[in-house]
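model-v6.cif (mmCIF, C-alpha atoms)
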data_data
loop_
_atom_site.group_PDB
_atom_site.id
_atom_site.type_symbol
_atom_site.label_atom_id
_atom_site.label_comp_id
_atom_site.auth_asym_id
_atom_site.auth_seq_id
_atom_site.Cartn_x
_atom_site.Cartn_y
_atom_site.Cartn_z
ATOM 1 C CA MET A 1 0.000 0.000 0.000
ATOM 2 C CA LEU A 2 1.359 3.379 -1.017
ATOM 3 C CA ILE A 3 0.559 6.428 1.091
ATOM 4 C CA THR A 4 1.447 9.917 0.007
ATOM 5 C CA ALA A 5 1.117 13.155 1.868
ATOM 6 C CA LYS A 6 0.887 16.587 0.330
ATOM 7 C CA LYS A 7 1.479 19.819 2.049
ATOM 8 C CA TRP A 8 -1.033 22.500 1.100
ATOM 9 C CA ARG A 9 -0.057 26.087 0.930
ATOM 10 C CA ARG A 10 -2.240 28.424 2.903
ATOM 11 C CA SER A 11 -3.128 30.439 -0.243
ATOM 12 C CA TYR A 12 -4.383 27.269 -1.984
ATOM 13 C CA ALA A 13 -6.525 26.402 1.013
ATOM 14 C CA VAL A 14 -8.027 29.911 1.195
ATOM 15 C CA ALA A 15 -8.698 29.935 -2.556
ATOM 16 C CA GLY A 16 -10.368 26.513 -2.308
ATOM 17 C CA VAL A 17 -12.614 27.604 0.558
ATOM 18 C CA LEU A 18 -13.583 30.804 -1.295
ATOM 19 C CA LEU A 19 -14.303 28.872 -4.482
ATOM 20 C CA LEU A 20 -16.404 26.337 -2.607
ATOM 21 C CA GLY A 21 -18.303 29.159 -0.858
ATOM 22 C CA ALA A 22 -18.998 30.939 -4.161
ATOM 23 C CA LEU A 23 -20.213 27.686 -5.695
ATOM 24 C CA LEU A 24 -22.518 27.005 -2.748
ATOM 25 C CA ALA A 25 -23.902 30.565 -2.806
ATOM 26 C CA GLY A 26 -24.577 30.244 -6.545
ATOM 27 C CA LEU A 27 -26.441 26.970 -6.055
ATOM 28 C CA ILE A 28 -28.588 28.457 -3.293
ATOM 29 C CA PHE A 29 -29.375 31.535 -5.407
ATOM 30 C CA PHE A 30 -30.227 29.396 -8.446
ATOM 31 C CA ALA A 31 -32.421 27.000 -6.462
ATOM 32 C CA ARG A 32 -34.260 29.878 -4.824
ATOM 33 C CA GLY A 33 -34.844 31.588 -8.148
ATOM 34 C CA CYS A 34 -36.272 28.411 -9.677
ATOM 35 C CA SER A 35 -38.615 27.602 -6.826
ATOM 36 C CA GLU A 36 -40.305 30.969 -6.361
ATOM 37 C CA ASP A 37 -42.507 32.769 -8.842
ATOM 38 C CA GLU A 38 -41.229 36.228 -9.560
ATOM 39 C CA VAL A 39 -44.013 38.658 -8.656
ATOM 40 C CA THR A 40 -43.467 42.320 -9.274
ATOM 41 C CA PRO A 41 -45.395 44.387 -6.733
ATOM 42 C CA LEU A 42 -47.570 47.193 -8.061
ATOM 43 C CA LEU A 43 -46.684 49.894 -5.559
ATOM 44 C CA ASN A 44 -48.305 52.933 -7.166
ATOM 45 C CA ASN A 45 -50.769 54.005 -9.838
ATOM 46 C CA ASP A 46 -48.112 54.133 -12.575
ATOM 47 C CA ASP A 47 -47.237 50.488 -11.845
ATOM 48 C CA ARG A 48 -50.919 49.488 -12.043
ATOM 49 C CA VAL A 49 -51.471 51.407 -15.282
ATOM 50 C CA ASN A 50 -48.349 49.877 -16.861
ATOM 51 C CA TYR A 51 -49.484 46.404 -15.797
ATOM 52 C CA LEU A 52 -52.876 46.913 -17.463
ATOM 53 C CA LEU A 53 -51.231 48.359 -20.580
ATOM 54 C CA SER A 54 -49.069 45.225 -20.769
ATOM 55 C CA LEU A 55 -52.287 43.186 -20.916
ATOM 56 C CA GLY A 56 -53.482 45.230 -23.895
ATOM 57 C CA TRP A 57 -55.901 47.565 -22.123
ATOM 58 C CA GLU A 58 -56.023 51.286 -22.722
ATOM 59 C CA ILE A 59 -57.516 52.930 -19.673
ATOM 60 C CA ASP A 60 -58.108 56.317 -18.181
ATOM 61 C CA PRO A 61 -55.050 56.473 -15.877
ATOM 62 C CA GLU A 62 -57.014 57.861 -12.925
ATOM 63 C CA PRO A 63 -59.111 55.254 -11.105
ATOM 64 C CA VAL A 64 -62.868 55.800 -11.180
ATOM 65 C CA GLU A 65 -62.974 54.366 -7.675
ATOM 66 C CA THR A 66 -60.620 53.042 -5.018
ATOM 67 C CA LEU A 67 -62.172 50.783 -2.419
ATOM 68 C CA HIS A 68 -60.605 49.105 0.622
ATOM 69 C CA LEU A 69 -62.215 45.904 1.824
ATOM 70 C CA GLN A 70 -61.415 43.299 4.439
ATOM 71 C CA LEU A 71 -61.512 39.647 3.414
ATOM 72 C CA PRO A 72 -62.989 37.236 5.951
ATOM 73 C CA ASP A 73 -60.736 34.684 7.654
ATOM 74 C CA SER A 74 -62.159 32.015 5.336
ATOM 75 C CA LEU A 75 -63.746 32.234 1.894
ATOM 76 C CA GLU A 76 -66.016 29.234 2.520
ATOM 77 C CA GLY A 77 -69.704 30.080 2.476
ATOM 78 C CA THR A 78 -69.156 33.686 1.385
ATOM 79 C CA GLU A 79 -69.662 35.513 -1.905
ATOM 80 C CA TYR A 80 -65.861 35.615 -2.150
ATOM 81 C CA GLU A 81 -65.753 31.822 -2.541
ATOM 82 C CA ASP A 82 -67.728 31.976 -5.811
ATOM 83 C CA TYR A 83 -65.752 34.986 -7.016
ATOM 84 C CA ASN A 84 -62.475 33.200 -6.272
ATOM 85 C CA GLU A 85 -63.622 30.248 -8.402
ATOM 86 C CA THR A 86 -63.802 32.643 -11.382
ATOM 87 C CA GLN A 87 -60.311 33.944 -10.594
ATOM 88 C CA LEU A 88 -58.478 30.610 -10.344
ATOM 89 C CA PRO A 89 -58.507 29.945 -14.138
ATOM 90 C CA GLN A 90 -56.850 33.362 -14.582
ATOM 91 C CA GLY A 91 -54.038 32.382 -12.229
ATOM 92 C CA PHE A 92 -55.289 34.499 -9.348
ATOM 93 C CA ASP A 93 -56.225 33.281 -5.875
ATOM 94 C CA LEU A 94 -57.783 35.208 -3.001
ATOM 95 C CA SER A 95 -57.300 32.475 -0.394
ATOM 96 C CA PRO A 96 -53.747 33.505 0.686
ATOM 97 C CA CYS A 97 -55.230 36.918 1.534
ATOM 98 C CA CYS A 98 -57.905 35.655 3.936
ATOM 99 C CA GLY A 99 -58.145 37.991 6.906
ATOM 100 C CA LYS A 100 -56.222 40.714 5.088
ATOM 101 C CA GLN A 101 -57.208 43.998 3.500
ATOM 102 C CA LEU A 102 -57.641 44.216 -0.273
ATOM 103 C CA THR A 103 -57.727 47.348 -2.359
ATOM 104 C CA ARG A 104 -59.893 47.420 -5.463
ATOM 105 C CA TYR A 105 -58.970 49.907 -8.169
ATOM 106 C CA THR A 106 -61.596 50.507 -10.857
ATOM 107 C CA TYR A 107 -60.516 51.996 -14.183
ATOM 108 C CA ALA A 108 -62.550 53.125 -17.205
ATOM 109 C CA ILE A 109 -61.621 51.137 -20.325
ATOM 110 C CA LEU A 110 -60.992 53.194 -23.455
ATOM 111 C CA ASN A 111 -60.398 50.403 -25.994
ATOM 112 C CA TYR A 112 -63.014 47.721 -25.351
ATOM 113 C CA PRO A 113 -63.503 45.788 -28.616
ATOM 114 C CA GLY A 114 -66.604 46.830 -30.516
ATOM 115 C CA GLY A 115 -66.436 50.373 -29.160
ATOM 116 C CA ARG A 116 -68.316 49.696 -25.940
ATOM 117 C CA THR A 117 -67.900 52.799 -23.756
ATOM 118 C CA ASP A 118 -69.400 51.542 -20.491
ATOM 119 C CA ALA A 119 -66.748 48.910 -19.696
ATOM 120 C CA GLN A 120 -64.670 49.128 -16.556
ATOM 121 C CA LEU A 121 -61.835 47.098 -15.147
ATOM 122 C CA ASP A 122 -61.412 46.052 -11.509
ATOM 123 C CA LEU A 123 -57.963 45.230 -10.177
ATOM 124 C CA TYR A 124 -57.709 43.737 -6.678
ATOM 125 C CA LEU A 125 -54.414 44.032 -4.819
ATOM 126 C CA CYS A 126 -53.293 42.514 -1.550
ATOM 127 C CA GLU A 127 -50.047 43.909 -0.156
ATOM 128 C CA GLY A 128 -49.156 45.276 -3.597
ATOM 129 C CA THR A 129 -49.748 41.994 -5.443
ATOM 130 C CA VAL A 130 -52.553 41.412 -7.955
ATOM 131 C CA VAL A 131 -54.825 38.717 -6.511
ATOM 132 C CA ALA A 132 -57.927 39.182 -8.693
ATOM 133 C CA GLY A 133 -59.250 41.144 -11.605
ATOM 134 C CA ASP A 134 -62.242 41.400 -13.876
ATOM 135 C CA VAL A 135 -63.837 43.429 -16.631
ATOM 136 C CA ILE A 136 -67.398 44.618 -16.207
ATOM 137 C CA ALA A 137 -69.742 46.135 -18.727
ATOM 138 C CA LEU A 138 -72.443 48.256 -17.197
ATOM 139 C CA GLY A 139 -75.901 48.949 -18.592
ATOM 140 C CA GLU A 140 -77.777 46.923 -21.194
ATOM 141 C CA ASN A 141 -76.247 43.509 -21.958
ATOM 142 C CA GLY A 142 -73.837 43.982 -19.067
ATOM 143 C CA PHE A 143 -71.457 41.235 -18.041
ATOM 144 C CA VAL A 144 -68.515 40.345 -15.856
ATOM 145 C CA GLY A 145 -65.543 38.757 -17.606
ATOM 146 C CA PRO A 146 -61.891 37.881 -17.101
ATOM 147 C CA LEU A 147 -59.101 40.426 -16.896
ATOM 148 C CA ALA A 148 -57.426 39.196 -20.073
ATOM 149 C CA PHE A 149 -57.898 41.343 -23.173
ATOM 150 C CA PRO A 150 -60.538 39.663 -25.395
ATOM 151 C CA GLU A 151 -59.257 38.198 -28.624
ATOM 152 C CA ASN A 152 -62.525 38.821 -30.493
#
What do you get writing this file as structure tokens?
Amino acid sequence: MLITAKKWRRSYAVAGVLLLGALLAGLIFFARGCSEDEVTPLLNNDDRVNYLLSLGWEIDPEPVETLHLQLPDSLEGTEYEDYNETQLPQGFDLSPCCGKQLTRYTYAILNYPGGRTDAQLDLYLCEGTVVAGDVIALGENGFVGPLAFPEN
């Protein structure tokens, strides 16, 4: 059996530890970035307007209404439960906001297809994050629809 011993210089040892640390930090950063959805908070009206513009909506930049509402501790058995069911296919979910305050911003839509002038858009935020949204048409043949810009 052959045994060899090597003497390490201190500079090699320090460089190895630093390299190992950088590698470990990179792996942690990469794993964290892959496991969490990147959500950009909408902290002010410009952020909200830009978000809606990115969806294809042209809106009056000043909200028609701003409303603060408190979600119950549970959505079960409330009108919010049904509303949340309409939001889930859009990728939104109110349930993490149970017991918290939401802010609803309502904007007048300027480019609803077909020239409809009575359409409005509701954007619900919880702690700066969009958690729900819908488009409503008021008046005759009114409706409530998803936040996505209609293709037709």
When distances are computed from all atoms listed in the file, which of A:Thr40, A:Asn50, A:Asn141, A:Gln70 shows the smallest separation from A:Arg104? A:Gln70
Quick one: residues within 9 Å of stretch 108-120 of chain A, all atoms listed in the file counted, chain neighbours fewer than 5 positions away excluded, as a ChimeraX atom specification? /A:56-64,134-139,142,149-152
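Those residues that approach stretch 43-48 of chain A to within 10 Å, counting all atoms listed in the file, are Thr40, Pro41, Asn50, Tyr51, Leu52, Leu53, Ser54, Pro61, Glu62, Pro63, Tyr105, Leu123, Leu125, Glu127, Gly128, Thr129 and Val130 of chain A; same-chain residues fewer than 2 positions away are not listed.
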If the box runs along x, y and z of the file and leaves 6 Å on each side of stretch 126-138 of chain A, what are its centre and edge lengths in Å, one decimal, as JSON?
{"center_x": -60.8, "center_y": 43.5, "center_z": -9.4, "size_x": 35.3, "size_y": 21.5, "size_z": 30.6}
For the PyMOL selection byres ((chain A and resi 72-87) around 10), applied here, can you spell out every residue it catches as a PyMOL selection string? chain A and resi 69-71+88-101+131-134+145-147
Atomic separation - atom CA of A:Leu121 relative to atom CA of A:Leu55, Å: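 Those two atoms sit 11.8 Å apart.
Distance-wise, atom CA of A:Asp122 and atom CA of A:Leu67 end up 10.3 Å apart.
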